[in-house]
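Structure below is input_38.txt: compact mmCIF, N, CA and C atoms.
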```txt
# COMPACT_ATOMS: atom_id res chain seq x y z
N LEU A 462 182.96 -133.24 173.09
CA LEU A 462 182.80 -134.14 171.96
C LEU A 462 183.96 -134.05 170.98
N GLN A 463 184.59 -132.90 170.90
CA GLN A 463 185.69 -132.74 169.95
C GLN A 463 186.81 -133.72 170.24
N ALA A 464 187.16 -133.92 171.49
CA ALA A 464 188.24 -134.85 171.85
C ALA A 464 187.88 -136.28 171.50
N HIS A 465 186.59 -136.59 171.44
CA HIS A 465 186.14 -137.94 171.11
C HIS A 465 186.64 -138.37 169.73
N ALA A 466 186.75 -137.43 168.80
CA ALA A 466 187.18 -137.74 167.43
C ALA A 466 188.56 -137.17 167.14
N SER A 467 189.39 -137.04 168.15
CA SER A 467 190.76 -136.55 167.96
C SER A 467 191.72 -137.72 168.00
N TRP A 468 192.69 -137.69 167.08
CA TRP A 468 193.71 -138.72 167.04
C TRP A 468 195.07 -138.07 167.00
N PRO A 469 196.10 -138.74 167.53
CA PRO A 469 197.44 -138.16 167.53
C PRO A 469 197.98 -138.01 166.10
N ALA A 470 198.46 -136.83 165.78
CA ALA A 470 198.93 -136.54 164.42
C ALA A 470 200.02 -137.50 163.96
N GLU A 471 200.90 -137.89 164.87
CA GLU A 471 202.01 -138.76 164.47
C GLU A 471 201.57 -140.17 164.09
N HIS A 472 200.35 -140.54 164.41
CA HIS A 472 199.82 -141.87 164.08
C HIS A 472 198.73 -141.81 163.00
N THR A 473 198.48 -140.62 162.46
CA THR A 473 197.34 -140.42 161.57
C THR A 473 197.78 -139.98 160.18
N THR A 474 197.19 -140.63 159.16
CA THR A 474 197.34 -140.16 157.78
C THR A 474 195.97 -139.75 157.28
N ILE A 475 195.93 -138.70 156.48
CA ILE A 475 194.67 -138.20 155.93
C ILE A 475 194.82 -138.13 154.42
N THR A 476 193.89 -138.76 153.70
CA THR A 476 193.92 -138.74 152.24
C THR A 476 192.53 -138.37 151.73
N GLU A 477 192.51 -137.73 150.55
CA GLU A 477 191.23 -137.47 149.91
C GLU A 477 190.74 -138.79 149.33
N ALA A 478 189.44 -139.02 149.40
CA ALA A 478 188.89 -140.30 148.95
C ALA A 478 187.43 -140.14 148.57
N GLU A 479 186.90 -141.20 147.99
CA GLU A 479 185.48 -141.30 147.70
C GLU A 479 184.99 -142.58 148.35
N GLU A 480 183.82 -142.52 148.96
CA GLU A 480 183.30 -143.67 149.71
C GLU A 480 181.85 -143.89 149.30
N THR A 481 181.50 -145.15 149.05
CA THR A 481 180.12 -145.51 148.77
C THR A 481 179.58 -146.33 149.92
N VAL A 482 178.48 -145.86 150.48
CA VAL A 482 177.78 -146.53 151.58
C VAL A 482 176.32 -146.63 151.18
N PRO A 483 175.48 -147.34 151.93
CA PRO A 483 174.07 -147.45 151.54
C PRO A 483 173.37 -146.10 151.33
N ALA A 484 173.82 -145.05 152.01
CA ALA A 484 173.19 -143.73 151.88
C ALA A 484 173.64 -142.98 150.63
N GLY A 485 174.65 -143.48 149.91
CA GLY A 485 175.11 -142.81 148.70
C GLY A 485 176.61 -142.82 148.57
N THR A 486 177.10 -142.07 147.59
CA THR A 486 178.53 -141.94 147.34
C THR A 486 178.95 -140.52 147.68
N TYR A 487 180.04 -140.42 148.43
CA TYR A 487 180.50 -139.13 148.94
C TYR A 487 181.98 -138.94 148.68
N ARG A 488 182.38 -137.69 148.44
CA ARG A 488 183.80 -137.31 148.38
C ARG A 488 184.15 -136.74 149.74
N GLY A 489 185.39 -136.99 150.17
CA GLY A 489 185.79 -136.46 151.46
C GLY A 489 187.18 -136.88 151.85
N PHE A 490 187.36 -137.18 153.14
CA PHE A 490 188.68 -137.45 153.69
C PHE A 490 188.68 -138.74 154.50
N LEU A 491 189.66 -139.58 154.22
CA LEU A 491 189.84 -140.82 154.96
C LEU A 491 190.96 -140.62 155.98
N TYR A 492 190.61 -140.78 157.24
CA TYR A 492 191.59 -140.71 158.32
C TYR A 492 191.96 -142.15 158.67
N ARG A 493 193.25 -142.45 158.68
CA ARG A 493 193.73 -143.78 159.06
C ARG A 493 194.67 -143.59 160.24
N VAL A 494 194.32 -144.21 161.35
CA VAL A 494 195.08 -144.07 162.58
C VAL A 494 195.61 -145.44 162.98
N GLU A 495 196.94 -145.54 163.12
CA GLU A 495 197.57 -146.80 163.51
C GLU A 495 198.33 -146.60 164.81
N GLN A 496 197.91 -147.33 165.85
CA GLN A 496 198.63 -147.26 167.11
C GLN A 496 198.27 -148.43 168.01
N GLU A 497 199.27 -148.97 168.67
CA GLU A 497 199.11 -150.02 169.67
C GLU A 497 198.29 -151.21 169.17
N GLY A 498 198.60 -151.71 167.97
CA GLY A 498 197.92 -152.88 167.44
C GLY A 498 196.53 -152.61 166.90
N MET A 499 196.11 -151.34 166.91
CA MET A 499 194.77 -150.99 166.44
C MET A 499 194.87 -150.08 165.22
N VAL A 500 193.98 -150.31 164.25
CA VAL A 500 193.86 -149.45 163.07
C VAL A 500 192.43 -148.95 163.02
N THR A 501 192.28 -147.64 162.96
CA THR A 501 190.97 -147.02 162.82
C THR A 501 190.94 -146.29 161.49
N GLU A 502 189.92 -146.56 160.68
CA GLU A 502 189.69 -145.82 159.45
C GLU A 502 188.34 -145.12 159.57
N ALA A 503 188.35 -143.81 159.39
CA ALA A 503 187.13 -143.02 159.47
C ALA A 503 187.04 -142.13 158.24
N PHE A 504 185.94 -142.26 157.51
CA PHE A 504 185.74 -141.45 156.31
C PHE A 504 184.71 -140.37 156.62
N PHE A 505 185.13 -139.12 156.44
CA PHE A 505 184.27 -137.96 156.66
C PHE A 505 183.89 -137.36 155.31
N ALA A 506 182.60 -137.25 155.03
CA ALA A 506 182.12 -136.67 153.78
C ALA A 506 182.29 -135.16 153.81
N ARG A 507 182.76 -134.63 152.73
CA ARG A 507 182.99 -133.18 152.62
C ARG A 507 181.70 -132.39 152.83
N ASP A 508 180.58 -132.89 152.33
CA ASP A 508 179.33 -132.14 152.36
C ASP A 508 178.38 -132.54 153.50
N LEU A 509 178.82 -133.41 154.40
CA LEU A 509 177.97 -133.82 155.53
C LEU A 509 178.72 -133.58 156.83
N PRO A 510 178.51 -132.45 157.48
CA PRO A 510 179.19 -132.22 158.74
C PRO A 510 178.72 -133.21 159.80
N GLY A 511 179.56 -133.49 160.75
CA GLY A 511 179.19 -134.39 161.83
C GLY A 511 180.01 -135.65 161.85
N PRO A 512 179.39 -136.76 162.26
CA PRO A 512 180.13 -138.00 162.42
C PRO A 512 180.58 -138.57 161.07
N PRO A 513 181.49 -139.53 161.11
CA PRO A 513 181.95 -140.13 159.85
C PRO A 513 180.82 -140.89 159.15
N VAL A 514 180.93 -140.96 157.83
CA VAL A 514 179.99 -141.71 157.00
C VAL A 514 180.25 -143.22 157.17
N ARG A 515 181.54 -143.55 157.36
CA ARG A 515 181.93 -144.94 157.61
C ARG A 515 183.11 -144.95 158.55
N MET A 516 183.09 -145.88 159.48
CA MET A 516 184.22 -146.01 160.41
C MET A 516 184.40 -147.49 160.74
N VAL A 517 185.65 -147.93 160.74
CA VAL A 517 185.99 -149.31 161.09
C VAL A 517 187.18 -149.26 162.03
N ARG A 518 187.09 -150.01 163.11
CA ARG A 518 188.23 -150.13 164.04
C ARG A 518 188.62 -151.60 164.10
N ARG A 519 189.90 -151.87 163.80
CA ARG A 519 190.40 -153.25 163.81
C ARG A 519 191.53 -153.38 164.82
N ARG A 520 191.53 -154.50 165.52
CA ARG A 520 192.64 -154.83 166.40
C ARG A 520 193.21 -156.15 165.90
N ASP A 521 194.52 -156.14 165.64
CA ASP A 521 195.21 -157.32 165.12
C ASP A 521 194.49 -157.87 163.89
N GLY A 522 194.00 -156.97 163.03
CA GLY A 522 193.38 -157.35 161.77
C GLY A 522 191.92 -157.76 161.85
N LYS A 523 191.35 -157.82 163.04
CA LYS A 523 189.95 -158.24 163.19
C LYS A 523 189.08 -157.03 163.55
N ALA A 524 187.98 -156.87 162.82
CA ALA A 524 187.08 -155.75 163.07
C ALA A 524 186.45 -155.87 164.45
N GLU A 525 186.60 -154.82 165.25
CA GLU A 525 185.97 -154.75 166.57
C GLU A 525 184.71 -153.90 166.53
N MET A 526 184.70 -152.90 165.63
CA MET A 526 183.58 -151.97 165.57
C MET A 526 183.47 -151.44 164.15
N THR A 527 182.25 -151.38 163.65
CA THR A 527 182.00 -150.75 162.36
C THR A 527 180.79 -149.83 162.50
N MET A 528 180.79 -148.79 161.70
CA MET A 528 179.70 -147.82 161.71
C MET A 528 179.53 -147.34 160.26
N THR A 529 178.32 -147.38 159.75
CA THR A 529 178.06 -147.01 158.36
C THR A 529 176.77 -146.21 158.26
N LEU A 530 176.81 -145.12 157.51
CA LEU A 530 175.62 -144.32 157.27
C LEU A 530 174.72 -145.07 156.28
N VAL A 531 173.50 -145.39 156.69
CA VAL A 531 172.60 -146.15 155.83
C VAL A 531 171.55 -145.26 155.16
N ALA A 532 171.28 -144.09 155.73
CA ALA A 532 170.30 -143.18 155.12
C ALA A 532 170.61 -141.75 155.55
N HIS A 533 170.29 -140.81 154.68
CA HIS A 533 170.46 -139.40 155.01
C HIS A 533 169.31 -138.62 154.39
N GLU A 534 168.53 -137.95 155.22
CA GLU A 534 167.40 -137.17 154.75
C GLU A 534 167.55 -135.73 155.22
N VAL A 535 167.16 -134.81 154.39
CA VAL A 535 167.21 -133.40 154.73
C VAL A 535 165.79 -132.92 154.97
N GLU A 536 165.54 -132.39 156.16
CA GLU A 536 164.21 -131.84 156.48
C GLU A 536 164.12 -130.43 155.95
N GLU A 537 163.00 -130.11 155.38
CA GLU A 537 162.80 -128.76 154.86
C GLU A 537 161.78 -128.01 155.65
```
What's the structure tokens form of this structure?
Amino acid sequence: LQAHASWPAEHTTITEAEETVPAGTYRGFLYRVEQEGMVTEAFFARDLPGPPVRMVRRRDGKAEMTMTLVAHEVEE
């Protein structure tokens, strides 16, 4: 699974950011990957390990795939 979310360093920029999605507002890191006509933006929340809170993949400026965290519950 680790390779599934790996991007080539020479095509990737990482910036600190804040993202608001239906599940809330999170501080974390925005990964922007540009290669072969495709741009992928994936925002990973600092306090939520696992998949990105929001991810968009565009080819030639058109969204091909989007993923957004809509709810987050903690079981006790």
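We find atom N of A:Arg507 and atom C of A:Glu471 to be spaced 22.7 Å apart.
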Query raised in the report: Which is closer to A:Glu480 than all the others in A:Phe504, A:Val531, A:Arg518, A:Pro510, using all atoms listed in the file?
Result: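 Closest residue, counting all atoms listed in the file: A:Phe504.
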Report task. Name the residues in contact with A:Thr476 at a cut-off of 12 Å, using only C-alpha atoms, excluding same-chain residues fewer than 3 positions from it; report them as a PyMOL selection string. Result -> chain A and resi 473+479-480+488-494+502-505
Query raised in the report: Using only C-alpha atoms, can you list as a list in words the residues within 12 Å of (200.3, -146.1, 171.6)?
Result: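 Every polymer residue passing the test: Trp468, Pro469, Glu471, His472, Thr473, Val494, Glu495, Gln496, Glu497, Gly498, Met499 and Val500 of chain A.
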Query raised in the report: Interatomic distance between atom C of A:Gly485 and atom N of A:Ala506?
Result: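 Atom-to-atom, atom C of A:Gly485 to atom N of A:Ala506, that is 10.4 Å.
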Requested in this report: Have a look at atom CA of A:Arg519 and atom CA of A:Thr501 and let me know their distance in Å, one decimal.
Outcome: 6.3 Å
**Report entry** Test item, strand (DSSP E) assignment across chain A, answer as a PyMOL selection string
**Finding:** chain A and resi 473-482+485-496+499-506+515-520+523-529
Requested in this report: Would you please give, as a PyMOL selection string, all residues of chain A that DSSP assigns to helix (DSSP H, G or I) based on the backbone?
Outcome: chain A and resi 463-466+470-472
Query raised in the report: How would you write as a list in words the residues that get within 6.5 Å of (174.0, -146.5, 161.0) in the file's frame, counting only N, CA and C atoms?
Result: Met528, Thr529, Leu530, Val531 and Ala532 of chain A
Output requested as a compact mmCIF listing (two decimals), in the frame of the given file - stretch 483-501 of chain A, filled out with N, CA, C and O atoms.
```txt
# COMPACT_ATOMS: atom_id res chain seq x y z
N PRO A 483 175.48 -147.34 151.93
CA PRO A 483 174.07 -147.45 151.54
C PRO A 483 173.37 -146.10 151.33
O PRO A 483 172.44 -146.00 150.52
N ALA A 484 173.82 -145.05 152.01
CA ALA A 484 173.19 -143.73 151.88
C ALA A 484 173.64 -142.98 150.63
O ALA A 484 173.08 -141.93 150.30
N GLY A 485 174.65 -143.48 149.91
CA GLY A 485 175.11 -142.81 148.70
C GLY A 485 176.61 -142.82 148.57
O GLY A 485 177.33 -143.46 149.33
N THR A 486 177.10 -142.07 147.59
CA THR A 486 178.53 -141.94 147.34
C THR A 486 178.95 -140.52 147.68
O THR A 486 178.30 -139.56 147.27
N TYR A 487 180.04 -140.42 148.43
CA TYR A 487 180.50 -139.13 148.94
C TYR A 487 181.98 -138.94 148.68
O TYR A 487 182.75 -139.89 148.73
N ARG A 488 182.38 -137.69 148.44
CA ARG A 488 183.80 -137.31 148.38
C ARG A 488 184.15 -136.74 149.74
O ARG A 488 183.34 -136.09 150.37
N GLY A 489 185.39 -136.99 150.17
CA GLY A 489 185.79 -136.46 151.46
C GLY A 489 187.18 -136.88 151.85
O GLY A 489 188.06 -136.96 150.99
N PHE A 490 187.36 -137.18 153.14
CA PHE A 490 188.68 -137.45 153.69
C PHE A 490 188.68 -138.74 154.50
O PHE A 490 187.82 -138.95 155.35
N LEU A 491 189.66 -139.58 154.22
CA LEU A 491 189.84 -140.82 154.96
C LEU A 491 190.96 -140.62 155.98
O LEU A 491 192.09 -140.30 155.62
N TYR A 492 190.61 -140.78 157.24
CA TYR A 492 191.59 -140.71 158.32
C TYR A 492 191.96 -142.15 158.67
O TYR A 492 191.09 -142.96 158.94
N ARG A 493 193.25 -142.45 158.68
CA ARG A 493 193.73 -143.78 159.06
C ARG A 493 194.67 -143.59 160.24
O ARG A 493 195.69 -142.90 160.14
N VAL A 494 194.32 -144.21 161.35
CA VAL A 494 195.08 -144.07 162.58
C VAL A 494 195.61 -145.44 162.98
O VAL A 494 194.84 -146.39 163.12
N GLU A 495 196.94 -145.54 163.12
CA GLU A 495 197.57 -146.80 163.51
C GLU A 495 198.33 -146.60 164.81
O GLU A 495 199.26 -145.80 164.86
N GLN A 496 197.91 -147.33 165.85
CA GLN A 496 198.63 -147.26 167.11
C GLN A 496 198.27 -148.43 168.01
O GLN A 496 197.12 -148.85 168.07
N GLU A 497 199.27 -148.97 168.67
CA GLU A 497 199.11 -150.02 169.67
C GLU A 497 198.29 -151.21 169.17
O GLU A 497 197.37 -151.68 169.84
N GLY A 498 198.60 -151.71 167.97
CA GLY A 498 197.92 -152.88 167.44
C GLY A 498 196.53 -152.61 166.90
O GLY A 498 195.82 -153.52 166.49
N MET A 499 196.11 -151.34 166.91
CA MET A 499 194.77 -150.99 166.44
C MET A 499 194.87 -150.08 165.22
O MET A 499 195.71 -149.19 165.17
N VAL A 500 193.98 -150.31 164.25
CA VAL A 500 193.86 -149.45 163.07
C VAL A 500 192.43 -148.95 163.02
O VAL A 500 191.49 -149.73 163.04
N THR A 501 192.28 -147.64 162.96
CA THR A 501 190.97 -147.02 162.82
C THR A 501 190.94 -146.29 161.49
O THR A 501 191.84 -145.52 161.18
```
